[in-house]
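Encoded as structure tokens, the structure appears first; notes follow it.
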Amino acid sequence: MRPQDAPHEIEDVWRLLADRQLELDTRVEIFVLCRTKGRLIACGGLDRKVIKCVAVAPEYSGQSLSLRLGSELIALAAARGQFHLFLYSAPYNRELFQGWGFYPLVEVPRLVLLMENSPVAIQTYCDSLRSKRRAGNPIGCAVLNANPFTLGHRFLLERAAAQCEWMHVFVVQEDASTFSYSERFALVAQGIQGIRRLTLHEGSDYIISRATFPGYFLKDKVVVDHSWAGIDLLLFREHIAPALGITHRFVGTEPLDTITSNYNVDMRNWLRDAPSGAPAISVVEVPRASINGRPISASAVRKLLAEGDFDAIQRLVPPGTLKFLQTKYAAALAAGGVERA
Amino acid sequence: MKITKPAIAGTLESSDLMVKVTPNQNGMLEVVVRSEVIKQFGKQIRRVIDDTLSKLEVSEGTVVVEDKGALDYAIQARVQAAVLRGAGSEKLNWEQLS
């Protein structure tokens, strides 16, 4: 059942979720519903490769209905071309979802557990990273959304590369930004030219975008942000960093955006201070590059783009990004409208 | 035969099993089995899976089995189905598989 096709059914889903102290996640594309004599007794949703909003009515919460639901969700995902699946759950549901063939990846204690439906996928991914490992110390890393790539990113990477024997750069893969992943990746690839001792990596399912992290079972926005940061950063610390031998994580200071600013604080906690089986990683905050006293940021560029102010944009982005934006903007004008960022 | 695309077969329900196959990046055959009855019947389950894969001449792929206490012929049928889906449209000698 697609939410948009069945408003009356969504009301039932909403009620069943509420009974289990869950909220409806608005990104769910399709639901599997289980009814008996018309009454909704179990549901589960898919948001691309993530299973969400799983609930079973209390009087049916024996194992067998849940396994039927899990089978249907996995088969539906496969029919939609998604075989590598993830789910976020409260840690006390670990065993239930292990019965679905999911394996724990990383946990923020007492709050959230991330699982995937393969016992080998993360290992395979880390093995492929290991083949790109470089000797040396320090080994740095930066993760960019680059929406789009600016002179600020360039400045950060130059400063980081100067302090490290090798730099690894990742681009967030999930398409929840103004510009698509392939556009953002191409701009980064252009923008880093000339910086030595640097490897640009494709994004992966293991670098989690805030935009796709579900918060429906955590209620409070502060807790959601904290949990997302914990999942994303612990995955980095426990899997990605050891595979590449990363010792330092570089990040720009964030004077404009409070979510990102809190993330930088969380970074020190999860990468360095929090208890973990993996070694601590140093966090290096690089002061943001400014022009005329105003920090350069991708959000400022998007705002200027919406205003069509290319004179101002020109001062904030490298030539490759400028050319891309001009082309895209011209195409949007020709199509009769400019996308408001 | 090689697994060239991801595929699944089966369910998670009691007495059944779910088989997931994916291409293997290192060109190897990797088999992972999880079963609710691994302590009693792990060896036997593993033997049925390995026999089925070798009769199908599967040389490359990752095969993950979530077993819920299925009988041998169910295991055989689910493994065959997942492999055939994951290997595309290759011709099969059914008699050889029995």
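Residues in the structure tokens are named by chain (A, B, ... in the order shown) and by number from 1 within that chain; ligands are numbered from 1 in the order shown.
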Next on the checklist: Distance limit 8 Å, atoms considered: only C-alpha atoms. Which chain A residues sit that close to chain B? Return them as a count of residues only.
Outcome noted: 14
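Every residue of stretch 22-97 of chain B with a DSSP assignment of strand (DSSP E), taken from the backbone, is listed as Thr22, Leu29, Glu30, Val31, Val32, Val33, Arg34, Ser35, Gly61, Thr62, Val63, Val64, Val65, Glu66 and Asp67 of chain B.
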Preceding selection exported with C-alpha atoms as a PDB file, in the first residue's frame:
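Contents of the output file out.pdb:
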ATOM      1  CA  THR B  22      24.993 -11.714  -4.236  1.00  0.00           C
ATOM      2  CA  LEU B  29      32.419 -18.717  -3.395  1.00  0.00           C
ATOM      3  CA  GLU B  30      31.473 -17.701   0.128  1.00  0.00           C
ATOM      4  CA  VAL B  31      28.719 -19.439   2.095  1.00  0.00           C
ATOM      5  CA  VAL B  32      27.344 -18.247   5.434  1.00  0.00           C
ATOM      6  CA  VAL B  33      24.714 -20.277   7.275  1.00  0.00           C
ATOM      7  CA  ARG B  34      22.671 -19.212  10.265  1.00  0.00           C
ATOM      8  CA  SER B  35      20.210 -21.716  11.631  1.00  0.00           C
ATOM      9  CA  GLY B  61      29.116 -15.739  -5.346  1.00  0.00           C
ATOM     10  CA  THR B  62      28.138 -15.004  -1.763  1.00  0.00           C
ATOM     11  CA  VAL B  63      25.384 -17.245  -0.422  1.00  0.00           C
ATOM     12  CA  VAL B  64      23.708 -16.390   2.885  1.00  0.00           C
ATOM     13  CA  VAL B  65      21.234 -18.849   4.372  1.00  0.00           C
ATOM     14  CA  GLU B  66      18.815 -17.985   7.195  1.00  0.00           C
ATOM     15  CA  ASP B  67      17.429 -21.368   8.171  1.00  0.00           C
TER      16      ASP B  67
END
Quick one: DSSP helix (DSSP H, G or I) residues in chain B, as a CSV table (one decimal) with N, CA and C atoms, in the first residue's frame?
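Saved the output as out.csv:
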chain,number,residue,atom,x,y,z
B,38,ILE,N,21.4,-25.0,14.4
B,38,ILE,CA,22.7,-25.2,14.0
B,38,ILE,C,23.5,-26.2,14.9
B,39,LYS,N,23.1,-26.2,16.2
B,39,LYS,CA,23.9,-27.1,17.1
B,39,LYS,C,23.5,-28.6,16.8
B,40,GLN,N,22.2,-28.9,16.5
B,40,GLN,CA,21.8,-30.3,16.2
B,40,GLN,C,22.2,-30.7,14.8
B,41,PHE,N,21.9,-29.8,13.8
B,41,PHE,CA,21.9,-30.2,12.4
B,41,PHE,C,22.8,-29.4,11.5
B,42,GLY,N,23.7,-28.6,12.1
B,42,GLY,CA,24.5,-27.7,11.4
B,42,GLY,C,25.3,-28.4,10.3
B,43,LYS,N,25.9,-29.5,10.6
B,43,LYS,CA,26.8,-30.2,9.6
B,43,LYS,C,25.9,-30.7,8.4
B,44,GLN,N,24.8,-31.3,8.8
B,44,GLN,CA,23.9,-31.8,7.7
B,44,GLN,C,23.4,-30.7,6.8
B,45,ILE,N,23.0,-29.6,7.4
B,45,ILE,CA,22.5,-28.4,6.6
B,45,ILE,C,23.5,-27.9,5.7
B,46,ARG,N,24.7,-27.8,6.2
B,46,ARG,CA,25.8,-27.3,5.4
B,46,ARG,C,26.1,-28.2,4.3
B,47,ARG,N,26.0,-29.5,4.6
B,47,ARG,CA,26.3,-30.5,3.5
B,47,ARG,C,25.3,-30.4,2.4
B,48,VAL,N,24.0,-30.3,2.7
B,48,VAL,CA,23.0,-30.1,1.7
B,48,VAL,C,23.2,-28.9,0.8
B,49,ILE,N,23.6,-27.8,1.5
B,49,ILE,CA,23.8,-26.6,0.8
B,49,ILE,C,25.0,-26.7,-0.2
B,50,ASP,N,26.1,-27.3,0.4
B,50,ASP,CA,27.4,-27.4,-0.4
B,50,ASP,C,27.1,-28.4,-1.6
B,51,ASP,N,26.4,-29.5,-1.4
B,51,ASP,CA,26.1,-30.4,-2.4
B,51,ASP,C,25.3,-29.7,-3.5
B,52,THR,N,24.3,-29.0,-3.1
B,52,THR,CA,23.4,-28.3,-4.1
B,52,THR,C,24.2,-27.3,-4.9
B,53,LEU,N,25.1,-26.6,-4.3
B,53,LEU,CA,25.9,-25.6,-5.0
B,53,LEU,C,26.9,-26.3,-5.9
B,54,SER,N,27.4,-27.4,-5.5
B,54,SER,CA,28.4,-28.0,-6.4
B,54,SER,C,27.7,-28.7,-7.6
B,55,LYS,N,26.5,-29.3,-7.4
B,55,LYS,CA,25.7,-29.8,-8.5
B,55,LYS,C,25.4,-28.7,-9.5
B,72,ASP,N,15.6,-31.1,4.4
B,72,ASP,CA,16.7,-31.1,3.3
B,72,ASP,C,16.2,-30.7,1.9
B,73,TYR,N,15.0,-31.3,1.5
B,73,TYR,CA,14.6,-30.9,0.1
B,73,TYR,C,14.1,-29.5,0.0
B,74,ALA,N,13.7,-28.9,1.1
B,74,ALA,CA,13.3,-27.5,1.1
B,74,ALA,C,14.6,-26.7,0.9
B,75,ILE,N,15.6,-27.1,1.7
B,75,ILE,CA,16.9,-26.3,1.6
B,75,ILE,C,17.4,-26.4,0.1
B,76,GLN,N,17.4,-27.6,-0.4
B,76,GLN,CA,17.8,-27.8,-1.8
B,76,GLN,C,17.1,-26.9,-2.8
B,77,ALA,N,15.7,-27.0,-2.7
B,77,ALA,CA,14.9,-26.2,-3.6
B,77,ALA,C,15.1,-24.7,-3.5
B,78,ARG,N,15.2,-24.2,-2.2
B,78,ARG,CA,15.4,-22.8,-2.1
B,78,ARG,C,16.8,-22.3,-2.6
B,79,VAL,N,17.8,-23.1,-2.3
B,79,VAL,CA,19.2,-22.8,-2.8
B,79,VAL,C,19.2,-22.7,-4.3
B,80,GLN,N,18.6,-23.8,-4.9
B,80,GLN,CA,18.5,-23.8,-6.4
B,80,GLN,C,17.8,-22.6,-6.9
B,81,ALA,N,16.7,-22.2,-6.3
B,81,ALA,CA,15.9,-21.1,-6.8
B,81,ALA,C,16.7,-19.8,-6.7
B,82,ALA,N,17.3,-19.6,-5.6
B,82,ALA,CA,18.1,-18.3,-5.4
B,82,ALA,C,19.2,-18.3,-6.4
B,83,VAL,N,19.9,-19.4,-6.6
B,83,VAL,CA,21.1,-19.4,-7.5
B,83,VAL,C,20.6,-19.1,-8.9
B,84,LEU,N,19.5,-19.8,-9.4
B,84,LEU,CA,19.1,-19.6,-10.7
B,84,LEU,C,18.7,-18.2,-11.0
B,85,ARG,N,18.0,-17.6,-10.0
B,85,ARG,CA,17.6,-16.1,-10.2
B,85,ARG,C,18.9,-15.3,-10.2
B,86,GLY,N,19.9,-15.6,-9.4
B,86,GLY,CA,21.1,-14.7,-9.3
B,86,GLY,C,22.0,-15.0,-10.4
B,94,TRP,N,18.3,-30.6,-15.2
B,94,TRP,CA,17.5,-30.9,-14.0
B,94,TRP,C,17.8,-32.2,-13.4
B,95,GLU,N,18.1,-33.2,-14.3
B,95,GLU,CA,18.3,-34.6,-13.8
B,95,GLU,C,19.6,-34.6,-12.9
B,96,GLN,N,20.6,-33.9,-13.3
B,96,GLN,CA,21.8,-33.8,-12.5
B,96,GLN,C,21.6,-33.3,-11.1
B,97,LEU,N,20.6,-32.5,-11.0
B,97,LEU,CA,20.4,-31.8,-9.7
B,97,LEU,C,19.7,-32.6,-8.6
Next on the checklist: Taking only C-alpha atoms into account, name the residue in B:Ile3, B:Ala70, B:Gly88, B:Glu57 that is nearest to B:Gly27.
Outcome noted: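 Checking each candidate against B:Gly27, we get B:Ile3 as the closest.
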Item to check | All residues 12 Å or closer to A:Glu9, only C-alpha atoms, same chain fewer than 6 positions away omitted, as a list in words | outcome: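 Returned residues: Met1, Arg2, Pro3, Arg15, Leu16, Ile30, Phe31, Val32, Leu33, Cys34, Arg35, Gly38, Arg39, Leu40 and Cys43 of chain A.
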Show me a table, sorted first by chain and then by increasing residue number, of the residues of stretch 143-222 of chain A having an atom at most 10 Å from stretch 109-117 of chain A, each with its shortest atom pair and the distance in Å to one decimal, counting only C-alpha atoms and written as CSV.
residue,atom,partner,partner_atom,distance
A:Gly215,CA,A:Val112,CA,9.8
A:Phe217,CA,A:Val112,CA,9.0
A:Leu218,CA,A:Leu111,CA,7.6
With N, CA and C atoms retained, export the selected residues as an mmCIF file, in the first residue's frame.
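Wrote it out as selection.cif, contents follow:
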data_model
loop_
_atom_site.group_PDB
_atom_site.id
_atom_site.type_symbol
_atom_site.label_atom_id
_atom_site.label_comp_id
_atom_site.auth_asym_id
_atom_site.auth_seq_id
_atom_site.Cartn_x
_atom_site.Cartn_y
_atom_site.Cartn_z
ATOM 1 N N GLY A 215 13.857 9.386 12.638
ATOM 2 C CA GLY A 215 13.775 9.778 14.039
ATOM 3 C C GLY A 215 12.453 9.409 14.676
ATOM 4 N N PHE A 217 11.151 6.959 16.108
ATOM 5 C CA PHE A 217 11.008 6.238 17.378
ATOM 6 C C PHE A 217 11.783 6.910 18.500
ATOM 7 N N LEU A 218 12.278 8.109 18.255
ATOM 8 C CA LEU A 218 13.104 8.774 19.265
ATOM 9 C C LEU A 218 12.463 10.050 19.816
#
Checklist entry - Do you have the atom CA of A:Gln123-atom CA of A:Ala243 distance handy? => result 9.6 Å
Checklist entry - If you measure from atom CA of A:Gly136 to atom CA of A:Leu234, what distance in Å do you get, rounded to one decimal? => result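 That distance, rounded to one decimal, is 22.9 Å.
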Next on the checklist: Please list as number ranges by chain every residue within 10 Å of A:Gln190, counting only C-alpha atoms and excluding residues in the same chain fewer than 3 positions away.
Outcome noted: A: 149, 185-187, 193-194, 318-321
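Remark: for A:Val56, the closest of the candidate residues A:Ala18, A:Leu235, A:Ala79, A:Ala189 is A:Ala18 (distances computed over only C-alpha atoms).
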